[in-house]
$ cat query-v9.txt   # compact mmCIF, C-alpha atoms and all ligand atoms
# COMPACT_ATOMS: atom_id res chain seq x y z
CA MET F 1 30.04 -6.11 -30.34
CA SER F 2 30.57 -8.38 -27.36
CA PHE F 3 27.78 -10.33 -25.74
CA GLU F 4 28.21 -8.24 -22.56
CA SER F 5 27.84 -4.91 -24.44
CA ALA F 6 24.69 -6.17 -26.21
CA LEU F 7 23.23 -7.34 -22.90
CA VAL F 8 23.96 -4.00 -21.20
CA ILE F 9 22.49 -2.01 -24.14
CA ALA F 10 19.34 -4.17 -24.02
CA GLY F 11 19.26 -3.57 -20.24
CA ALA F 12 19.57 0.21 -20.78
CA ILE F 13 16.60 0.18 -23.20
CA ILE F 14 14.50 -1.80 -20.70
CA LEU F 15 15.55 0.61 -17.91
CA SER F 16 14.43 3.60 -20.04
CA VAL F 17 10.96 2.07 -20.28
CA GLY F 18 11.05 1.52 -16.50
CA LEU F 19 12.08 5.15 -16.06
CA TYR F 20 9.08 6.33 -18.09
CA TYR F 21 6.74 4.34 -15.80
CA SER F 22 8.49 5.55 -12.64
CA PHE F 23 7.93 9.18 -13.72
CA MET F 24 4.27 8.27 -14.19
CA ILE F 25 4.09 6.75 -10.67
CA VAL F 26 5.75 9.88 -9.19
CA SER F 27 3.24 12.17 -10.91
CA ILE F 28 0.33 10.08 -9.55
CA LEU F 29 1.76 9.91 -6.02
CA ARG F 30 2.71 13.60 -5.86
CA LYS F 31 -0.97 14.48 -5.79
CA GLN F 32 -1.30 12.31 -2.64
CA ASN F 33 1.96 13.59 -1.08
CA MET F 34 3.32 10.03 -1.08
CA ALA F 35 5.98 10.36 -3.76
CA ILE F 36 9.21 10.52 -1.73
CA ALA F 37 10.08 6.80 -1.94
CA TRP F 38 9.37 6.80 -5.68
CA ILE F 39 11.43 9.95 -6.27
CA VAL F 40 14.37 8.10 -4.64
CA LEU F 41 13.67 5.00 -6.79
CA THR F 42 13.48 7.17 -9.94
CA ALA F 43 16.81 8.83 -9.10
CA MET F 44 18.30 5.35 -8.67
CA ILE F 45 16.98 4.25 -12.08
CA VAL F 46 18.67 7.34 -13.60
CA PHE F 47 21.90 6.31 -11.84
CA PHE F 48 21.61 2.71 -13.13
CA LEU F 49 20.94 3.99 -16.64
CA LEU F 50 24.02 6.20 -16.48
CA ALA F 51 26.14 3.27 -15.21
CA PHE F 52 24.79 1.02 -17.98
CA VAL F 53 25.61 3.64 -20.65
CA LEU F 54 29.14 4.14 -19.26
CA TYR F 55 29.63 0.38 -19.17
CA ALA F 56 28.45 -0.03 -22.76
CA LEU F 57 30.56 2.91 -24.03
CA GLN F 58 33.63 1.52 -22.26
CA THR F 59 33.21 -2.06 -23.52
CA LEU F 60 32.53 -0.75 -27.05
CA GLY F 61 35.79 1.24 -26.87
CA PHE F 62 34.21 4.71 -27.26
CA ILE F 63 35.53 5.99 -23.94
CA THR F 64 38.22 5.00 -21.47
CA LEU F 65 37.08 5.34 -17.89
CA THR F 66 39.52 6.16 -15.14
CA ILE F 67 37.62 3.90 -12.75
CA PRO F 68 37.69 0.15 -13.42
CA ILE F 69 34.57 -1.43 -14.91
CA GLU F 70 34.44 -3.80 -11.88
CA SER F 71 33.83 -0.78 -9.62
CA ILE F 72 30.86 0.31 -11.75
CA THR F 73 29.48 -3.23 -11.57
CA ALA F 74 29.97 -3.36 -7.79
CA PHE F 75 28.16 0.01 -7.39
CA VAL F 76 25.26 -1.24 -9.53
CA PHE F 77 25.07 -4.46 -7.46
CA PHE F 78 25.10 -2.54 -4.18
CA PHE F 79 22.53 0.10 -5.18
CA GLY F 80 20.52 -2.65 -6.88
CA SER F 81 20.04 -4.31 -3.48
CA ILE F 82 19.00 -0.98 -1.89
CA PHE F 83 16.59 -0.47 -4.79
CA VAL F 84 15.00 -3.88 -4.14
CA LEU F 85 14.77 -3.17 -0.40
CA ILE F 86 12.97 0.18 -0.92
CA LEU F 87 10.66 -1.35 -3.53
CA THR F 88 9.65 -4.29 -1.34
CA VAL F 89 9.03 -2.09 1.72
CA VAL F 90 6.94 0.38 -0.33
CA ASN F 91 4.99 -2.46 -1.94
CA SER F 92 4.36 -4.30 1.31
CA ARG F 93 2.83 -1.09 2.73
CA LEU F 94 0.72 -0.67 -0.39
CA PHE F 95 -0.54 -4.26 -0.25
CA ILE F 96 -1.33 -3.98 3.47
CA ASP F 97 -3.31 -0.81 2.67
CA LEU F 98 -5.15 -2.51 -0.18
CA PHE F 99 -5.77 -5.96 1.23
CA GLY F 100 -5.34 -5.52 4.99
CA ILE F 101 -3.33 -7.53 7.46
CA ARG F 102 -3.61 -11.23 8.30
CA LEU F 103 -5.22 -11.64 11.70
CA SER F 104 -7.46 -14.40 13.02
CA ASP F 105 -10.92 -13.36 14.27
CA LYS F 106 -9.70 -13.84 17.83
CA GLU F 107 -6.60 -11.66 17.32
CA ALA F 108 -8.70 -9.00 15.59
CA ILE F 109 -11.24 -8.97 18.45
CA LEU F 110 -8.44 -8.61 21.02
CA LYS F 111 -6.91 -5.75 19.05
CA PHE F 112 -10.24 -3.94 18.71
CA ALA F 113 -11.19 -4.48 22.39
CA LYS F 114 -7.84 -3.00 23.43
CA PHE F 115 -8.33 -0.08 21.04
CA ILE F 116 -11.76 0.88 22.39
CA ASP F 117 -10.75 -0.11 25.92
CA ILE F 118 -13.35 -2.73 26.80
CA HIS F 119 -12.99 -6.34 27.86
CA PRO F 120 -12.85 -8.72 24.85
CA PHE F 121 -15.56 -10.83 26.51
CA PHE F 122 -18.07 -7.94 26.44
CA LEU F 123 -17.22 -7.14 22.88
CA GLN F 124 -17.65 -10.73 21.77
CA SER F 125 -20.90 -11.21 23.63
CA ARG F 126 -22.45 -8.03 22.18
CA MET F 127 -21.28 -7.93 18.58
CA SER F 128 -22.94 -9.90 15.79
CA PRO F 129 -20.77 -12.35 13.85
CA GLU F 130 -21.84 -10.58 10.67
CA TYR F 131 -23.62 -7.43 9.55
CA THR F 132 -25.15 -6.66 6.15
CA ILE F 133 -25.73 -3.29 4.52
CA THR F 134 -26.53 -2.20 0.98
CA CYS F 135 -23.90 -0.31 -1.00
CA ASP F 136 -25.19 3.12 -2.11
CA ALA F 137 -23.21 2.90 -5.36
CA CYS F 138 -23.70 -0.64 -6.75
CA GLY F 139 -26.79 -1.61 -4.74
CA LYS F 140 -25.28 -4.94 -3.68
CA ASN F 141 -25.38 -6.38 -0.19
CA VAL F 142 -22.09 -5.94 1.64
CA LYS F 143 -21.39 -8.32 4.51
CA TYR F 144 -18.85 -7.45 7.17
CA SER F 145 -17.80 -8.25 10.69
CA ILE F 146 -15.84 -6.30 13.27
CA PRO F 147 -12.75 -8.53 12.68
CA ASP F 148 -13.04 -7.65 8.95
CA ILE F 149 -12.87 -3.93 9.81
CA VAL F 150 -9.80 -4.52 12.02
CA ARG F 151 -8.05 -6.55 9.31
CA SER F 152 -8.64 -3.95 6.62
CA HIS F 153 -7.18 -1.12 8.76
CA PRO F 154 -3.68 -1.89 10.05
CA ASN F 155 -3.86 1.55 11.65
CA LEU F 156 -7.14 1.25 13.54
CA GLU F 157 -7.41 5.00 14.14
CA ARG F 158 -8.07 5.37 10.42
CA GLY F 159 -10.73 2.66 10.40
CA VAL F 160 -12.74 3.37 13.52
CA LYS F 161 -14.02 6.66 14.86
CA ILE F 162 -15.30 6.76 18.42
CA GLU F 163 -17.93 9.42 19.09
CA GLU F 164 -19.24 10.12 22.54
CA ALA F 165 -22.48 12.08 22.84
CA MET F 166 -25.02 12.43 25.63
CA GLY F 167 -23.57 9.62 27.69
CA THR F 168 -23.55 7.07 24.87
CA VAL F 169 -20.80 5.93 22.57
CA ASN F 170 -21.06 5.45 18.82
CA TYR F 171 -18.53 3.73 16.65
CA THR F 172 -18.15 4.61 12.99
CA PHE F 173 -16.39 1.90 11.01
CA PHE F 174 -14.89 2.73 7.63
CA LEU F 175 -15.95 -0.38 5.80
CA ARG F 176 -13.94 -1.25 2.69
CA HIS F 177 -15.86 -2.81 -0.16
CA ARG F 178 -14.73 -3.84 -3.62
CA CYS F 179 -17.18 -2.02 -5.82
CA GLU F 180 -17.19 -2.27 -9.61
CA GLY F 181 -13.41 -2.46 -9.98
CA ALA F 182 -12.65 0.14 -7.32
CA ILE F 183 -12.31 0.10 -3.55
CA ARG F 184 -15.06 2.00 -1.81
CA GLU F 185 -15.21 3.09 1.80
CA ILE F 186 -18.61 3.16 3.48
CA PRO F 187 -18.86 4.80 6.92
CA VAL F 188 -21.21 2.65 9.05
CA THR F 189 -22.22 3.69 12.53
CA HIS F 190 -22.83 1.22 15.34
CA ASP F 191 -24.10 1.96 18.85
CA GLU F 192 -22.35 0.95 22.05
CA LYS F 193 -23.98 -2.49 21.91
CA PHE F 194 -22.38 -2.82 18.47
CA GLU F 195 -25.73 -2.88 16.75
CA TYR F 196 -25.84 -1.32 13.33
CA ARG F 197 -27.48 2.14 13.34
CA SER F 198 -26.83 4.04 10.12
CA LYS F 199 -24.51 4.56 7.19
CA ARG F 200 -23.23 7.64 5.41
CA ALA F 201 -22.38 8.29 1.78
CA SER F 202 -19.54 6.13 0.52
CA ARG F 203 -16.47 7.34 -1.33
CA ILE F 204 -13.97 5.76 -3.68
CA LEU F 205 -10.49 5.34 -2.23
ZN ZN F 301 -20.70 -1.17 -4.17

$ encode --input "query-v9.txt" --output "structure tokens"
Amino acid sequence: MSFESALVIAGAIILSVGLYYSFMIVSILRKQNMAIAWIVLTAMIVFFLLAFVLYALQTLGFITLTIPIESITAFVFFFGSIFVLILTVVNSRLFIDLFGIRLSDKEAILKFAKFIDIHPFFLQSRMSPEYTITCDACGKNVKYSIPDIVRSHPNLERGVKIEEAMGTVNYTFFLRHRCEGAIREIPVTHDEKFEYRSKRASRIL
């Protein structure tokens, strides 16, 4: 057996393990309706596996393909780059969701002021640099600031709810907190002067 055949067979075994995990990821994501990218990636792994097997069978002399082996390799290279592109885009979204986006306090304040349509100066003069609440699950103190809320929600509409009632405005922030190995979201309500008012039951993300 040539070195190339051995390498491709080893690659096919490793890919099969990868395929098992990709099926697992699809089954987890299907429940959240977020599986499309991973269904595409899984189909690509199946394609790579098939190409690897054809390559190995050809180099071992079991079959004679009508297309040259270089074409198979070129296809694997090309789809390999698409695979990497999809994977990095999907992962960057996941990491932004988990860890938030990088913004300075000033940038975050500007973004939030624009979102709720007030002047950044008023926001900065009214808000506290830091707030503290107690987590209803672990009982620990959780510190947060308005820039923290902005950073943890790249899509601010999912992190801040504006409620207008009887001439006043309330803001509910969905505060993310790392709680005993999980990420917990605690809805905290602030009044229009950005003073803390109340919190609701938290939930695990
Ligand atoms: Zn907690």

$ closest_residue --input "query-v9.txt" --among "F:Ile186, F:Ile116, F:Val89, F:Ile63" --to "ligand ZN 301 (chain F)" --atoms "all atoms listed in the file"
F:Ile186

$ closest_residue --input "query-v9.txt" --among "F:Phe78, F:Lys31, F:Ile162, F:Ile109" --to "Phe122 of chain F" --atoms "all atoms listed in the file"
F:Ile109

$ atom_distance --input "query-v9.txt" --atom1 "atom CA of His153 of chain F" --atom2 "atom CA of Ile101 of chain F"
7.6 Å

$ residues_near_ligand --input "query-v9.txt" --ligand "ligand ZN 301 (chain F)" --cutoff "8 Å" --atoms "only C-alpha atoms and all ligand atoms" --output "VMD selection string"
chain F and resid 134 to 140 142 177 to 180 184

$ closest_residue --input "query-v9.txt" --among "F:Pro154, F:Ser128, F:Ile118, F:Leu57" --to "Leu103 of chain F" --atoms "all atoms listed in the file"
F:Pro154

$ atom_distance --input "query-v9.txt" --atom1 "atom CA of Ile36 of chain F" --atom2 "atom CA of Met24 of chain F"
13.6 Å

$ build_atoms --input "query-v9.txt" --residues "segment 38-52 of chain F" --atoms "N, CA and C atoms" --output "mmCIF file, in the coordinates of the input"
data_model
loop_
_atom_site.group_PDB
_atom_site.id
_atom_site.type_symbol
_atom_site.label_atom_id
_atom_site.label_comp_id
_atom_site.auth_asym_id
_atom_site.auth_seq_id
_atom_site.Cartn_x
_atom_site.Cartn_y
_atom_site.Cartn_z
ATOM 1 N N TRP F 38 9.266 7.001 -4.235
ATOM 2 C CA TRP F 38 9.370 6.800 -5.680
ATOM 3 C C TRP F 38 10.278 7.824 -6.354
ATOM 4 N N ILE F 39 10.452 8.992 -5.734
ATOM 5 C CA ILE F 39 11.430 9.950 -6.270
ATOM 6 C C ILE F 39 12.841 9.362 -6.082
ATOM 7 N N VAL F 40 13.076 8.749 -4.909
ATOM 8 C CA VAL F 40 14.370 8.100 -4.640
ATOM 9 C C VAL F 40 14.588 6.958 -5.646
ATOM 10 N N LEU F 41 13.549 6.131 -5.850
ATOM 11 C CA LEU F 41 13.670 5.000 -6.790
ATOM 12 C C LEU F 41 13.951 5.498 -8.209
ATOM 13 N N THR F 42 13.273 6.609 -8.597
ATOM 14 C CA THR F 42 13.480 7.170 -9.940
ATOM 15 C C THR F 42 14.915 7.671 -10.097
ATOM 16 N N ALA F 43 15.417 8.344 -9.049
ATOM 17 C CA ALA F 43 16.810 8.830 -9.100
ATOM 18 C C ALA F 43 17.763 7.650 -9.241
ATOM 19 N N MET F 44 17.435 6.538 -8.572
ATOM 20 C CA MET F 44 18.300 5.350 -8.670
ATOM 21 C C MET F 44 18.243 4.751 -10.073
ATOM 22 N N ILE F 45 17.079 4.773 -10.701
ATOM 23 C CA ILE F 45 16.980 4.250 -12.080
ATOM 24 C C ILE F 45 17.858 5.103 -13.006
ATOM 25 N N VAL F 46 17.828 6.442 -12.792
ATOM 26 C CA VAL F 46 18.670 7.340 -13.600
ATOM 27 C C VAL F 46 20.147 6.968 -13.401
ATOM 28 N N PHE F 47 20.518 6.702 -12.140
ATOM 29 C CA PHE F 47 21.900 6.310 -11.840
ATOM 30 C C PHE F 47 22.257 4.987 -12.538
ATOM 31 N N PHE F 48 21.347 4.006 -12.462
ATOM 32 C CA PHE F 48 21.610 2.710 -13.130
ATOM 33 C C PHE F 48 21.781 2.914 -14.634
ATOM 34 N N LEU F 49 20.904 3.743 -15.190
ATOM 35 C CA LEU F 49 20.940 3.990 -16.640
ATOM 36 C C LEU F 49 22.297 4.591 -17.039
ATOM 37 N N LEU F 50 22.726 5.549 -16.224
ATOM 38 C CA LEU F 50 24.020 6.200 -16.480
ATOM 39 C C LEU F 50 25.156 5.159 -16.409
ATOM 40 N N ALA F 51 25.111 4.306 -15.383
ATOM 41 C CA ALA F 51 26.140 3.270 -15.210
ATOM 42 C C ALA F 51 26.127 2.303 -16.390
ATOM 43 N N PHE F 52 24.923 1.946 -16.846
ATOM 44 C CA PHE F 52 24.790 1.020 -17.980
ATOM 45 C C PHE F 52 25.419 1.639 -19.234
#
